Amino acid sequence: MPTPKWLIVGRNEYRIRTSRIRKIRPYFLILVIGLLAVYVTFIPRLVSLFIDDFLAFFLSHAAVAMVQIILFMIFFYFIILPITYTLKEVQTGQLEIFLAAPIKPSDVLLGEFLGVMPFYAIVVTMIAGFFTAVMAPLGLDLVQIAIIIIIFVVTFFSALWIGTVVAAVLRTKLGKTARGKDIGKALALVIALPMIAIMYAITGGRLLEALADPGASGMVRAILGLLPSSWGAEVIVGFASNPGNIAAAGFETLTRFGGLVAFFVALLWLGAKAANRAYSIEPTTFTASRAKPDGVFYKTVKYLGGGGSFGALLGSVFKDYSRRLENLSKIAYMVGLIVLISIFYGGPDDPEGALLMTSFILPLLAAFVVGEVTLRGKETLFIYKKTPSGVGRLVKARLLHGWLVVVPIAAVITAVPTILSPQTTFISLLTSTGLVILFVAANVAFVLGLSLLNPAFSDKSGNYVINLMITMFALPNGLFLVPLIVFDLGPLHTLCFVTIPLNWLLSIVVLYLGKGKLSRIE
């Protein structure tokens, strides 16, 4: 049987990319050291432009709480990064090879930790370099600067070790079954929402306003003071208040710094013990899943599809989509993102601001819902292609499925902040909600046509990334932001008179071309 052309092309592309990476590998260390040297040289000059603001911040009463929050964000990020990477690719084949060797599981885990440490050290160097450059004009001595650098190293490598241990445990627990792998991929996306919420609170100004209140600042400090990342933050702010005089807070510095180092050593020991118990492969038992009878929801979906064969097809599309927790987690992530944007960048007094921000997120929600139409491979598409009117029925079912999922979500997240606004009237509520519904419905049609026109048969495919980038930037910027700036009509009028007509025209053309591409696919 001859090898398919797409497989030959894929292999050649992989070999070309691998050869390019191997050519760069001997010079990687030199490039990294050079870039870090440029960074360390450039940062003090950049900081000098804002040094007065930085100095005022470190001497304010909110400095401790704010530094605690910043370090906690980075600490949490270093924890979830290895966990997210593991959950996205829960593979046990490599683990089986490692554990077949005559070494302890803790040695495997420690080797994995030491292997990724140089790459994370680059990020730690950049963060520590920024903080030391900011605090250098205060007059800190070399001992204080050295302690600050050690604090960053110990704090973030502690977080990395925690994330590595947790990722190892999850890999062994979730990698046993297909359902566990699906759960892992679902958690990989949702787990980042808390950190995004903190980031939006900082950039949106709400957190800074709260920390301006001494009572709120004290409460934040009390809560974060229990975390090891806050111990180093208090030492850093203490040095900023007493530059060049390490003895001024000698006992507190020794206690917090020593506790941070002891915490890291204890983490290494506990992580090794946990690895010996949990980092293993156990025999897997296979169980057959049973399909339950259709409930009220799927019966309603079939009814909306007109019943008959097309209603059954629409119901099967819904079942295939909703039974994957990864798909549901994407919807939960996007809804959570939109809610956070509405809270921190909009509000009852600025419904148009919330509408402007969410208009950049809604196309991505449509991409997550209908953009995976080809991700299950060509085999599924061939089944529809070989049936009478199968291509048209598939496109119609996926389009209706996207509308039934995305449109109600868009209507709710638009109507709620509009209702909370004191200036809202019934007419304005219907107008804003109706315009967003028309906008999102056109986005669904465009994304579906784009996914068929530029099919991606894996979420790692370059075509899938290109489709996401077009959806994220071309639709909001080209059809909404640019007309908003050029015509200066306001968000609602721009949506009504420019964005929606152009969006529907473009979506119909792309969907028609995508359907033709699917009919000709081989």
# chains A, B, ... in the order shown; residues from 1 in each chain; ligands from 1
call {"tool": "residues_around", "arguments": {"residues": "range 64-75 of chain A", "least_positions_apart": "4", "cutoff": "6 Å", "atoms": "only C-alpha atoms", "output": "list in words"}}
result
Phe156, Ala159, Arg221, Ser229, Ser230 and Ala233 of chain A
call {"tool": "residues_around", "arguments": {"residues": "Leu453 in chain A", "least_positions_apart": "3", "cutoff": "9 Å", "atoms": "only C-alpha atoms", "output": "PDB file with N, CA and C atoms, in the first residue's frame"}}
result
ATOM      1  N   LEU A 448     -16.378  28.626  10.883  1.00  0.00           N
ATOM      2  CA  LEU A 448     -16.661  27.328  10.288  1.00  0.00           C
ATOM      3  C   LEU A 448     -16.151  27.265   8.850  1.00  0.00           C
ATOM      4  N   GLY A 449     -16.418  28.300   8.073  1.00  0.00           N
ATOM      5  CA  GLY A 449     -15.919  28.320   6.699  1.00  0.00           C
ATOM      6  C   GLY A 449     -14.405  28.353   6.640  1.00  0.00           C
ATOM      7  N   LEU A 450     -13.771  29.124   7.540  1.00  0.00           N
ATOM      8  CA  LEU A 450     -12.310  29.203   7.554  1.00  0.00           C
ATOM      9  C   LEU A 450     -11.694  27.864   7.922  1.00  0.00           C
ATOM     10  N   VAL A 510     -16.791  33.015   2.728  1.00  0.00           N
ATOM     11  CA  VAL A 510     -15.835  32.040   3.271  1.00  0.00           C
ATOM     12  C   VAL A 510     -16.509  30.700   3.525  1.00  0.00           C
ATOM     13  N   LEU A 511     -17.737  30.717   4.025  1.00  0.00           N
ATOM     14  CA  LEU A 511     -18.445  29.467   4.275  1.00  0.00           C
ATOM     15  C   LEU A 511     -18.742  28.729   2.968  1.00  0.00           C
ATOM     16  N   LEU A 513     -16.963  28.937   0.173  1.00  0.00           N
ATOM     17  CA  LEU A 513     -15.685  28.400  -0.310  1.00  0.00           C
ATOM     18  C   LEU A 513     -15.232  27.209   0.528  1.00  0.00           C
ATOM     19  N   GLY A 514     -15.471  27.263   1.841  1.00  0.00           N
ATOM     20  CA  GLY A 514     -15.089  26.147   2.697  1.00  0.00           C
ATOM     21  C   GLY A 514     -15.892  24.898   2.400  1.00  0.00           C
ATOM     22  N   LYS A 515     -17.170  25.042   2.117  1.00  0.00           N
ATOM     23  CA  LYS A 515     -18.000  23.893   1.764  1.00  0.00           C
ATOM     24  C   LYS A 515     -17.518  23.274   0.452  1.00  0.00           C
ATOM     25  N   GLY A 516     -17.151  24.115  -0.506  1.00  0.00           N
ATOM     26  CA  GLY A 516     -16.605  23.585  -1.762  1.00  0.00           C
ATOM     27  C   GLY A 516     -15.286  22.865  -1.553  1.00  0.00           C
ATOM     28  N   LYS A 517     -14.443  23.389  -0.666  1.00  0.00           N
ATOM     29  CA  LYS A 517     -13.164  22.730  -0.374  1.00  0.00           C
ATOM     30  C   LYS A 517     -13.406  21.360   0.264  1.00  0.00           C
ATOM     31  N   LEU A 518     -14.394  21.255   1.151  1.00  0.00           N
ATOM     32  CA  LEU A 518     -14.710  19.982   1.782  1.00  0.00           C
ATOM     33  C   LEU A 518     -15.236  18.974   0.767  1.00  0.00           C
TER      34      LEU A 518
END
call {"tool": "select_by_dssp", "arguments": {"residues": "range 325-483 of chain A", "states": "alpha helix (DSSP H)", "output": "ChimeraX atom specification"}}
result
/A:325-345,351-358,362-370,378-385,390-420,426-453,462-469,482-483
call {"tool": "closest_residue", "arguments": {"among": "A:Phe439, A:Tyr321, A:Tyr384, A:Phe119", "to": "Leu502 in chain A", "atoms": "only C-alpha atoms"}}
result
A:Phe439
call {"tool": "closest_residue", "arguments": {"among": "A:Leu468, A:Glu372, A:Val444, A:Ala266", "to": "Glu326 in chain A", "atoms": "only C-alpha atoms"}}
result
A:Glu372
call {"tool": "residues_around", "arguments": {"residues": "range 425-433 of chain A", "least_positions_apart": "5", "cutoff": "7 Å", "atoms": "only C-alpha atoms", "output": "compact mmCIF listing (two decimals) with C-alpha atoms, in the first residue's frame"}}
result
# COMPACT_ATOMS: atom_id res chain seq x y z
CA ALA A 411 -26.58 37.23 24.67
CA THR A 414 -24.00 41.23 26.92
CA ALA A 415 -27.37 41.65 28.59
CA THR A 418 -26.20 46.33 30.20
CA ILE A 419 -29.02 45.72 32.68
CA LEU A 492 -22.91 50.28 18.91
call {"tool": "atom_distance", "arguments": {"atom1": "CA of Gly336 in chain A", "atom2": "CA of Phe446 in chain A"}}
result
23.6 Å
call {"tool": "closest_residue", "arguments": {"among": "A:Met469, A:Gly271, A:Tyr200, A:Thr494", "to": "Ile338 in chain A", "atoms": "only C-alpha atoms"}}
result
A:Tyr200
call {"tool": "closest_residue", "arguments": {"among": "A:Val301, A:Val166, A:Val335, A:Val395", "to": "Leu193 in chain A", "atoms": "only C-alpha atoms"}}
result
A:Val335
call {"tool": "closest_residue", "arguments": {"among": "A:Thr387, A:Ser342, A:Thr253, A:Asn276", "to": "Ala197 in chain A", "atoms": "only C-alpha atoms"}}
result
A:Ser342
call {"tool": "residues_around", "arguments": {"residues": "Trp504 in chain A", "least_positions_apart": "2", "cutoff": "9 Å", "atoms": "only C-alpha atoms", "output": "PDB file with C-alpha atoms, in the first residue's frame"}}
result
ATOM      1  CA  LEU A 438     -25.854  39.177  14.880  1.00  0.00           C
ATOM      2  CA  PHE A 439     -22.118  39.812  15.254  1.00  0.00           C
ATOM      3  CA  ALA A 441     -23.661  34.512  14.555  1.00  0.00           C
ATOM      4  CA  ALA A 442     -21.614  35.877  11.666  1.00  0.00           C
ATOM      5  CA  ASN A 443     -18.408  34.956  13.526  1.00  0.00           C
ATOM      6  CA  ALA A 445     -20.253  31.138  10.115  1.00  0.00           C
ATOM      7  CA  PHE A 446     -16.875  32.721   9.313  1.00  0.00           C
ATOM      8  CA  THR A 499     -19.040  45.577  11.264  1.00  0.00           C
ATOM      9  CA  ILE A 500     -22.126  43.372  11.020  1.00  0.00           C
ATOM     10  CA  PRO A 501     -22.837  43.911   7.282  1.00  0.00           C
ATOM     11  CA  LEU A 502     -19.181  43.359   6.346  1.00  0.00           C
ATOM     12  CA  LEU A 506     -17.357  37.900   4.381  1.00  0.00           C
ATOM     13  CA  SER A 507     -18.747  34.953   6.368  1.00  0.00           C
ATOM     14  CA  ILE A 508     -21.109  33.839   3.592  1.00  0.00           C
ATOM     15  CA  VAL A 509     -18.290  33.937   1.027  1.00  0.00           C
TER      16      VAL A 509
END
call {"tool": "atom_distance", "arguments": {"atom1": "CA of Asp182 in chain A", "atom2": "CA of Ser322 in chain A"}}
result
11.8 Å
call {"tool": "atom_distance", "arguments": {"atom1": "CA of Val235 in chain A", "atom2": "CA of Ala192 in chain A"}}
result
27.9 Å
call {"tool": "residues_around", "arguments": {"residues": "range 295-299 of chain A", "least_positions_apart": "5", "cutoff": "8 Å", "atoms": "only C-alpha atoms", "output": "PDB file with N, CA and C atoms, in the first residue's frame"}}
result
ATOM      1  N   GLY A 315     -28.129  16.071  16.944  1.00  0.00           N
ATOM      2  CA  GLY A 315     -27.960  15.527  18.289  1.00  0.00           C
ATOM      3  C   GLY A 315     -26.633  14.809  18.454  1.00  0.00           C
ATOM      4  N   PHE A 318     -23.877  17.365  18.899  1.00  0.00           N
ATOM      5  CA  PHE A 318     -23.874  17.879  20.263  1.00  0.00           C
ATOM      6  C   PHE A 318     -23.266  16.861  21.234  1.00  0.00           C
ATOM      7  N   LYS A 319     -23.624  15.595  21.070  1.00  0.00           N
ATOM      8  CA  LYS A 319     -23.087  14.567  21.959  1.00  0.00           C
ATOM      9  C   LYS A 319     -21.574  14.464  21.823  1.00  0.00           C
TER      10      LYS A 319
END
call {"tool": "residues_around", "arguments": {"residues": "range 470-482 of chain A", "least_positions_apart": "4", "cutoff": "10 Å", "atoms": "only C-alpha atoms", "output": "PyMOL selection string"}}
result
chain A and resi 356-367+371+443+446-447+450+464-466+486-488+491+494-495+498-503
call {"tool": "closest_residue", "arguments": {"among": "A:Val440, A:Ile191, A:Ile183, A:Leu114", "to": "Leu160 in chain A", "atoms": "only C-alpha atoms"}}
result
A:Leu114
